[in-house]
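Participant: After the structure tokens below, expect a handful of questions from me.
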Number of protein chains: 4
Amino acid sequence: VTQTSVARGEHASGSGVPERGNAVRLIVTGKDRPGIVAAVSGLLNDWRANIISLDQYSTDSSEGTFFQRTVFHLSDFGACRPALEDSLEREIGTRLGLEWRLTDSADRKRVAIFASKSDHCLLDLLWRQRRGELEMDVAMVISNHSDLADDVRQFNVPFIHVPVEGDKKEAEREHLRLLKGNVDLVVLARYMQILSDEFLGSVGVPVINIHHSFLPAFIGAGPYAKAKERGVKLIGATAHYVTKDLDEGPIIEQDVVRVTHSETAADLARRGADVERQVLARAVAWHCEDRVLRNGATTVVFR
Amino acid sequence: VTQTSVARGEHASGSGVPERGNAVRLIVTGKDRPGIVAAVSGLLNDWRANIISLDQYSTDSSEGTFFQRTVFHLSDFGACRPALEDSLEREIGTRLGLEWRLTDSADRKRVAIFASKSDHCLLDLLWRQRRGELEMDVAMVISNHSDLADDVRQFNVPFIHVPVEGDKKEAEREHLRLLKGNVDLVVLARYMQILSDEFLGSVGVPVINIHHSFLPAFIGAGPYAKAKERGVKLIGATAHYVTKDLDEGPIIEQDVVRVTHSETAADLARRGADVERQVLARAVAWHCEDRVLRNGATTVVFR
Amino acid sequence: VTQTSVARGEHASGSGVPERGNAVRLIVTGKDRPGIVAAVSGLLNDWRANIISLDQYSTDSSEGTFFQRTVFHLSDFGACRPALEDSLEREIGTRLGLEWRLTDSADRKRVAIFASKSDHCLLDLLWRQRRGELEMDVAMVISNHSDLADDVRQFNVPFIHVPVEGDKKEAEREHLRLLKGNVDLVVLARYMQILSDEFLGSVGVPVINIHHSFLPAFIGAGPYAKAKERGVKLIGATAHYVTKDLDEGPIIEQDVVRVTHSETAADLARRGADVERQVLARAVAWHCEDRVLRNGATTVVFR
Amino acid sequence: VTQTSVARGEHASGSGVPERGNAVRLIVTGKDRPGIVAAVSGLLNDWRANIISLDQYSTDSSEGTFFQRTVFHLSDFGACRPALEDSLEREIGTRLGLEWRLTDSADRKRVAIFASKSDHCLLDLLWRQRRGELEMDVAMVISNHSDLADDVRQFNVPFIHVPVEGDKKEAEREHLRLLKGNVDLVVLARYMQILSDEFLGSVGVPVINIHHSFLPAFIGAGPYAKAKERGVKLIGATAHYVTKDLDEGPIIEQDVVRVTHSETAADLARRGADVERQVLARAVAWHCEDRVLRNGATTVVFR
């Protein structure tokens with residue numbers, strides 16, 4: 001069962017298109033201590049900001065790590081942003097010793113999508129973006145195959161074919177030239193190449209991957225064949241941040257679908273494709289709305 | 001949680017595209033009596049057919065209505081079809097008093113899709129058809145608006161704009177001219193017009209509709225607004241055959257998604273769209289594979 | 001798919017038994033205006049309370065109704081409660097014009113469960129209570145039949161048989177005598193009698209009912225038979241507060257389960273029983289943890 | 001979402017209690033070849049049996065392994081059983097080279113349940129058995145602790161305390177003495193002891209275990225702690241036949257529930273308990289109705 005919960009004010013009624021106006025998001029993380037919620041909300045109140053959503057979580061009621069996401073409206077945010085940031089650094093950064101960042105929902109994430117030959121995750125993201133379901137702009141699609149060029153360009157999105165042959169370092173250098181400064185997020189939409197540690201060390205933005213199994217079950221290649229062989233009764237998909245350890249990155253979202261003995265590995269792959277595209281779309285949506293905070297090898301997701 | 005179960009042999013391994021070769025389906029319905037399964041399988045065995053799937057159901061172990069779907073392989077089916085049909089009529093039709101029909105999976109259903117301005121159900125069907133997930137050919141898309149013309153034609157499918165203004169009988173006459181003899185199924189993919197009884201009486205093929213609620217809750221217009229007002233915790237979608245009674249036709253498939261108090265009616269509509277397209281795709285897939293048998297105001301679905 | 005989310009600190013690790021220590025909950029509701037979150041968290045901070053969970057929701061970012069649930073730890077709460085309540089009344093009640101209430105998680109809700117002959121919802125509640133999953137004490141079980149007496153008493157819970165025959169006013173008067181001052185909540189665990197408006201007007205505590213359908217589908221008696229007749233593909237259950245309009249009270253929780261054409265109405269009843277007991281248990285758990293706030297004909301559920 | 005599909009005739013309407021009268025089940029397995037369905041149904045028809053349910057599956061349309069479960073009514077089955085078995089051995093065993101077995105639904109499986117200190121799976125099985133949901137009789141409950149004795153005996157089921165200390169071979173010898181000839185199935189309802197290969201080699205009946213994770217994720221001890229550490233978004237449970245390879249036996253049923261970052265490992269354990277008891281109950285129900293056929297390291301489940 002799919003789930004996305006949406007805080008008040010972040011979606012307009014009537015149009016079906018998220019209207020985020022001048023909604024601003026403040027993310028605060030760090031060592032938990034009493035008084036953080038009061039300090040943050042007090043500071044925002046002093047600025048006459050109207051808090052429209054506040055989520056917080058601490059890993060432990062004492063000595064834990066604290067996470068807070070606050071969404072607020074503030075008239076004339078553009079003009080007063082520098083001074084607000086000074087306040088935040090003084091009160092939240094210096095005094096409370098916490099990390100914080102401010103994002104304007106009007107500054108949509110710029111995203112590069114990597115794909116190979118499978119179209120289901122890629123097209124679903126492009127289509128949801130066009131519908132206004134995702135707070136992002138697709139800067140480019142990069143693929144090691146040219147098969148999906150027409151499908152992508154029909155959405156008025158640049159398609160760049162970067163073949164990966166022999167020494168893949170050459171392709172990765174081209175990837176970095178394309179991405180550098182141009183994107184805030186890389187999404188691997190069933191991109192069938194493993195990214196090198198060098199690439200991950202250089203790319204400078206988060207990378208989200210969709211793995212076609214319910215991790216940690218069936219790590220690595222061929223999960224549907226492995227699922228068939230093991231005789232599982234549910235198959236799944238996992239969206240996670242990519243780290244240097246293959247399929248070990250922090251999990252953002254997962255879901256499953258029921259299967260039976262009578263389905264072949266190919267049937268599982270076809271059935272799983274539906275789960276993959278939904279799970280990836282939710283993970284990307286939440287990331288773009290700054291709902292996903294890294295907590296070591298796991299994530300906090302404020303939905 | 002989504003479910004489609006697939007009988008053996010009906011999907012090839014490796015390609016992800018259903019390979020149905022010379023699979024033939026025999027549908028038998030009528031008054032239950034002992035010996036039907038034996039009679040049908042015996043007859044097919046005499047013809048040296050290889051049964052690869054058999055589902056049956058009776059509404060009651062005595063005096064019930066019987067439904068059976070048998071899939072078999074038969075070499076040279078084309079040549080021996082007339083003689084086989086004679087056998088079936090003699091043994092199953094006349095002797096046992098049952099209705100039967102034979103369909104060749106190679107004879108894909110020809111489908112007309114009706115749409116208005118919403119693209120989610122329409123594009124999902126076209127995309128799944130292109131992927132080979134649906135045993136159908138899309139003969140045409142008919143819409144009372146022209147908005148989706150480019151999207152449809154990009155799939156190499158004819159898009160016909162039939163405005164519905166003032167007297168809608170004129171539009172319906174054009175619909176009938178377009179459909180007559182050309183299609184085996186009409187699918188209403190969020191088509192925002194009510195079909196007249198005359199149209200339904202004349203169209204001569206089944207019509208499948210997707211309703212954007214979990215019927216029988218929220219019959220009629222504006223189900224998401226009604227769902228928000230009633231404060232339900234799940235919203236759903238229902239695919240059903242269209243009959244003269246609005247939203248009362250036999251249900252083929254339903255599914256739901258969890259929602260919370262914080263979602264607006266517009267959020268529900270957006271969330272529900274995902275359920276709608278999945279439910280409709282499953283209903284159309286099953287219909288095209290002759291898995292859905294009408295049983296009065298309900299359906300038998302052999303999945 | 002079941003869901004209960006638990007805020008930090010409210011459940012201890014290790015024992016599997018919720019340890020709520022001196023957790024205190026503050027519920028604030030009323031006309032939304034800027035500054036409420038800051039005022040509440042500032043006040044609690046002044047009292048050196050440690051906020052461990054905060055959920056809020058407004059029906060509209062302007063002119064809406066505001067709901068907030070804050071959980072905090074406060075040393076020596078018992079001693080300072082009166083003074084804290086004075087502060088709250090002054091700052092939240094008078095100055096901001098909001099309603100508020102304070103509950104100590106150590107003050108477990110006292111509950112009366114009404115049942116008839118079906119044991120599934122009743123026994124599940126008693127068993128979960130014994131396991132420590134529910135923040136409540138079961139003061140008594142009242143039934144119009146004596147069938148379940150032994151099952152109930154085995155849990156060391158009083159079982160009171162109040163036959164309902166002829167004029168049911170007499171029974172209701174006895175109910176009120178039993179309940180008055182003794183309970184904080186009445187749970188109808190498949191109690192097969194309709195409560196009169198007089199009773200509801202007099203009982204003075206919330207009443208939660210489990211209805212054996214996905215409301216608003218199949219209102220009234222015999223929902224499983226109606227579901228079979230309509231041919232739905234999912235059946236459900238709904239927990240709701242009881243109001244004078246039968247099956248129209250604010251919905252707390254719902255869930256569904258997939259069924260097929262081959263299941264009889266009796267099968268649906270049996271399958272549905274599992275959904276009923278889960279849905280009711282979740283609704284009761286949330287109510288007892290003050291997670292459910294009434295919002296007109298609907299509920300806000302902070303999970 | 002839970003699923004159990006029930007074939008016609010196997011459950012009576014009205015009572016909620018399965019009425020299986022003289023329903024007989026024939027299980028046929030072996031090397032697939034054309035004509036099996038016709039041979040079996042023809043033979044049963046010759047005996048004037050009334051087939052009320054027939055499920056079959058082959059792992060491959062050529063050279064595959066074939067599985068069929070047929071349920072039929074046959075008047076005076078007791079008297080003609082020997083002669084019918086002769087027919088089956090001649091036609092199905094000898095002529096077609098298949099294995100077959102016949103079970104009378106009136107011969108309920110005799111089951112021993114092993115438990116330790118956790119009551120949730122055990123009590124749910126006992127309660128469902130009492131309700132008539134499970135086609136089994138509970139011959140005994142065996143536990144290495146005495147904690148659950150009263151709960152068990154309240155269901156009029158013998159509770160046998162067999163401590164497992166030091167050399168566990170002694171306990172296993174006592175287990176074998178208790179079980180030998182007395183049971184058709186052993187169910188491990190969160191029994192926290194590993195069975196030795198010698199025991200499994202000697203027990204002579206199938207053993208079903210519930211593992212508290214979605215296998216193959218989190219094999220071995222402490223799956224909820226591992227799930228918390230890995231940060232998965234769903235937790236699950238798996239019912240499987242026990243083989244000599246720990247947690248590697250053929251899977252009968254699995255299900256999952258959504259969790260969030262805010263739940264502790266203890267919360268996951270509590271939430272998972274609900275999934276465990278449902279998954280185990282379904283697996284046991286299906287096994288007792290002869291719906292589960294072993295296929296190497298996997299199962300075929302005819303639901």
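Residues in the structure tokens are numbered from 1 in each chain, the chains being A, B, ... in the order shown, and ligands are numbered from 1 in the order shown.
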Identify all chain C residues at most 6 Å from chain A by counting only C-alpha atoms; ligands do not count. Present them as an NGL selection string.
Facilitator: :C and (9 or 34-35 or 38 or 41-42 or 45 or 50 or 61)
Participant: Keeping only C-alpha atoms, write the selected residues as an mmCIF file, in the first residue's frame.
Facilitator:
data_model
loop_
_atom_site.group_PDB
_atom_site.id
_atom_site.type_symbol
_atom_site.label_atom_id
_atom_site.label_comp_id
_atom_site.auth_asym_id
_atom_site.auth_seq_id
_atom_site.Cartn_x
_atom_site.Cartn_y
_atom_site.Cartn_z
ATOM 1 C CA GLY C 9 10.615 7.870 24.053
ATOM 2 C CA PRO C 34 0.486 32.443 13.855
ATOM 3 C CA GLY C 35 2.621 31.793 16.887
ATOM 4 C CA ALA C 38 6.149 28.995 19.510
ATOM 5 C CA SER C 41 6.905 25.186 23.117
ATOM 6 C CA GLY C 42 8.162 28.376 24.763
ATOM 7 C CA ASN C 45 10.538 25.283 27.822
ATOM 8 C CA ASN C 50 11.639 18.229 27.627
ATOM 9 C CA SER C 61 -3.137 27.906 6.455
#
Participant: Going by DSSP on the backbone, which residues of segment 59-239 of chain B come out as alpha helix (DSSP H)? List them as a ChimeraX atom specification.
Facilitator: /B:77-88,120-131,149-153,168-179,197-203,223-230
Participant: Could you pull out all residues of segment 193-247 of chain A with a DSSP call of strand (DSSP E) and give them as a ChimeraX atom specification?
Facilitator: /A:207-211,234-241
Participant: Please report the interatomic distance between atom CA of Asn156 of chain C and atom CA of Val242 of chain C in Å with one decimal.
Facilitator: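 It comes out at 27.6 Å.
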Participant: Identify, on the basis of only C-alpha atoms, every residue whose closest approach to Arg110 of chain D does not exceed 6 Å; exclude the query and any residue fewer than 6 positions from it along the same chain; express the result as a list in words.
Facilitator: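 Residues near the query, excluding close chain neighbours: Met136, Asp137, Val138, Ala139, Val183 and Asp184 of chain D.
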Participant: Pick the closest to Ile208 of chain D from D:Ala227, D:Ala171, D:Val187, D:Val28: which is it, counting only C-alpha atoms?
Facilitator: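 Ranked by minimum distance to Ile208 of chain D, first place goes to D:Val187.
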Participant: At a cut-off of 6 Å, using only C-alpha atoms, what residues contact segment 283-298 of chain C? Leave out same-chain residues fewer than 2 positions from it and give the result as a list in words.
Facilitator: Gly231 of chain B; Leu134, Glu135, Pro250, Ile252, Glu253, Leu280, Ala281, Val300, Val301 and Phe302 of chain C
Participant: Generate a file of the selected residues that holds N, CA, C and O atoms, formatted as a PDB file, in the first residue's frame.
Facilitator:
ATOM      1  N   GLY B 231     -14.153  11.920   5.762  1.00  0.00           N
ATOM      2  CA  GLY B 231     -13.006  11.624   6.618  1.00  0.00           C
ATOM      3  C   GLY B 231     -12.554  10.176   6.570  1.00  0.00           C
ATOM      4  O   GLY B 231     -12.062   9.640   7.560  1.00  0.00           O
TER       5      GLY B 231
ATOM      6  N   LEU C 134      -1.845  -1.801  25.098  1.00  0.00           N
ATOM      7  CA  LEU C 134      -2.876  -0.775  25.160  1.00  0.00           C
ATOM      8  C   LEU C 134      -2.772  -0.023  26.484  1.00  0.00           C
ATOM      9  O   LEU C 134      -2.726  -0.646  27.548  1.00  0.00           O
ATOM     10  N   GLU C 135      -2.763   1.288  26.398  1.00  0.00           N
ATOM     11  CA  GLU C 135      -2.674   2.124  27.599  1.00  0.00           C
ATOM     12  C   GLU C 135      -4.036   2.252  28.249  1.00  0.00           C
ATOM     13  O   GLU C 135      -4.615   3.345  28.309  1.00  0.00           O
ATOM     14  N   PRO C 250     -17.541  10.052  13.351  1.00  0.00           N
ATOM     15  CA  PRO C 250     -16.188  10.315  12.851  1.00  0.00           C
ATOM     16  C   PRO C 250     -15.344   9.049  12.798  1.00  0.00           C
ATOM     17  O   PRO C 250     -15.239   8.320  13.789  1.00  0.00           O
ATOM     18  N   ILE C 252     -12.167   6.733  12.809  1.00  0.00           N
ATOM     19  CA  ILE C 252     -10.833   6.736  13.417  1.00  0.00           C
ATOM     20  C   ILE C 252      -9.857   5.928  12.577  1.00  0.00           C
ATOM     21  O   ILE C 252      -8.738   6.340  12.321  1.00  0.00           O
ATOM     22  N   GLU C 253     -10.285   4.760  12.135  1.00  0.00           N
ATOM     23  CA  GLU C 253      -9.376   3.887  11.395  1.00  0.00           C
ATOM     24  C   GLU C 253     -10.180   2.937  10.521  1.00  0.00           C
ATOM     25  O   GLU C 253     -11.311   2.575  10.859  1.00  0.00           O
ATOM     26  N   LEU C 280     -10.055  -2.243  15.189  1.00  0.00           N
ATOM     27  CA  LEU C 280     -10.534  -1.777  16.494  1.00  0.00           C
ATOM     28  C   LEU C 280      -9.367  -1.607  17.474  1.00  0.00           C
ATOM     29  O   LEU C 280      -9.312  -0.616  18.209  1.00  0.00           O
ATOM     30  N   ALA C 281      -8.441  -2.541  17.473  1.00  0.00           N
ATOM     31  CA  ALA C 281      -7.300  -2.442  18.400  1.00  0.00           C
ATOM     32  C   ALA C 281      -6.491  -1.175  18.118  1.00  0.00           C
ATOM     33  O   ALA C 281      -6.062  -0.481  19.046  1.00  0.00           O
ATOM     34  N   VAL C 300      -8.727  13.907  13.357  1.00  0.00           N
ATOM     35  CA  VAL C 300      -7.296  14.089  13.128  1.00  0.00           C
ATOM     36  C   VAL C 300      -6.611  13.010  13.953  1.00  0.00           C
ATOM     37  O   VAL C 300      -6.882  12.896  15.155  1.00  0.00           O
ATOM     38  N   VAL C 301      -5.777  12.201  13.304  1.00  0.00           N
ATOM     39  CA  VAL C 301      -5.092  11.126  14.019  1.00  0.00           C
ATOM     40  C   VAL C 301      -3.585  11.353  13.904  1.00  0.00           C
ATOM     41  O   VAL C 301      -3.014  11.273  12.824  1.00  0.00           O
ATOM     42  N   PHE C 302      -2.958  11.668  15.016  1.00  0.00           N
ATOM     43  CA  PHE C 302      -1.504  11.858  15.049  1.00  0.00           C
ATOM     44  C   PHE C 302      -0.853  10.540  15.407  1.00  0.00           C
ATOM     45  O   PHE C 302      -0.850  10.140  16.568  1.00  0.00           O
TER      46      PHE C 302
END
Participant: Which residues, written as a PyMOL selection string, have at least one atom at most 7 Å from Lys233 of chain A, with only C-alpha atoms counted and residues fewer than 2 positions away on the same chain left out?
Facilitator: (chain A and resi 231+235+258-260) or (chain D and resi 253-254)
Participant: Which polymer residues have any atom within 9 Å of an atom of Val203 of chain C, counting only C-alpha atoms, with same-chain residues fewer than 6 positions away left out, as an mmCIF file with N, CA and C atoms, in the first residue's frame?
Facilitator:
data_model
loop_
_atom_site.group_PDB
_atom_site.id
_atom_site.type_symbol
_atom_site.label_atom_id
_atom_site.label_comp_id
_atom_site.auth_asym_id
_atom_site.auth_seq_id
_atom_site.Cartn_x
_atom_site.Cartn_y
_atom_site.Cartn_z
ATOM 1 N N HIS C 175 -26.852 -0.091 32.381
ATOM 2 C CA HIS C 175 -25.548 0.268 31.795
ATOM 3 C C HIS C 175 -25.031 1.566 32.398
ATOM 4 N N LEU C 176 -25.900 2.552 32.440
ATOM 5 C CA LEU C 176 -25.455 3.864 32.931
ATOM 6 C C LEU C 176 -25.040 3.792 34.408
ATOM 7 N N LEU C 179 -21.592 2.297 34.456
ATOM 8 C CA LEU C 179 -20.518 3.080 33.846
ATOM 9 C C LEU C 179 -20.211 4.367 34.585
ATOM 10 N N LYS C 180 -21.247 4.969 35.106
ATOM 11 C CA LYS C 180 -21.140 6.336 35.661
ATOM 12 C C LYS C 180 -19.954 6.485 36.603
ATOM 13 N N VAL C 186 -16.054 3.885 26.332
ATOM 14 C CA VAL C 186 -16.826 2.678 26.068
ATOM 15 C C VAL C 186 -16.452 2.169 24.682
#
Participant: Please provide as an mmCIF file with C-alpha atoms, in the first residue's frame all residues within 7 Å of Arg190 of chain D, with the sequence filter that same-chain residues fewer than 3 positions apart are discarded (counting only C-alpha atoms).
Facilitator:
data_model
loop_
_atom_site.group_PDB
_atom_site.id
_atom_site.type_symbol
_atom_site.label_atom_id
_atom_site.label_comp_id
_atom_site.auth_asym_id
_atom_site.auth_seq_id
_atom_site.Cartn_x
_atom_site.Cartn_y
_atom_site.Cartn_z
ATOM 1 C CA ALA D 115 6.281 -22.761 22.074
ATOM 2 C CA SER D 116 8.624 -21.046 24.510
ATOM 3 C CA SER D 118 5.900 -15.803 23.609
ATOM 4 C CA CYS D 121 1.414 -17.243 17.749
ATOM 5 C CA ILE D 210 7.537 -18.993 11.786
#
Participant: Using only C-alpha atoms for the distances, tell me which of D:Asp151, D:Asp247, D:Glu263, D:Glu133 is nearest to Ala217 of chain D.
Facilitator: D:Asp247
Participant: What is the distance, in Å and to one decimal place, between atom CA of Arg230 of chain B and atom CA of His240 of chain C?
Facilitator: 11.5 Å
Participant: When you draw a straight line from atom CA of Ser146 of chain D to atom CA of Gln129 of chain C, how long is it in Å?
Facilitator: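 Distance reported for this atom pair: 21.5 Å.
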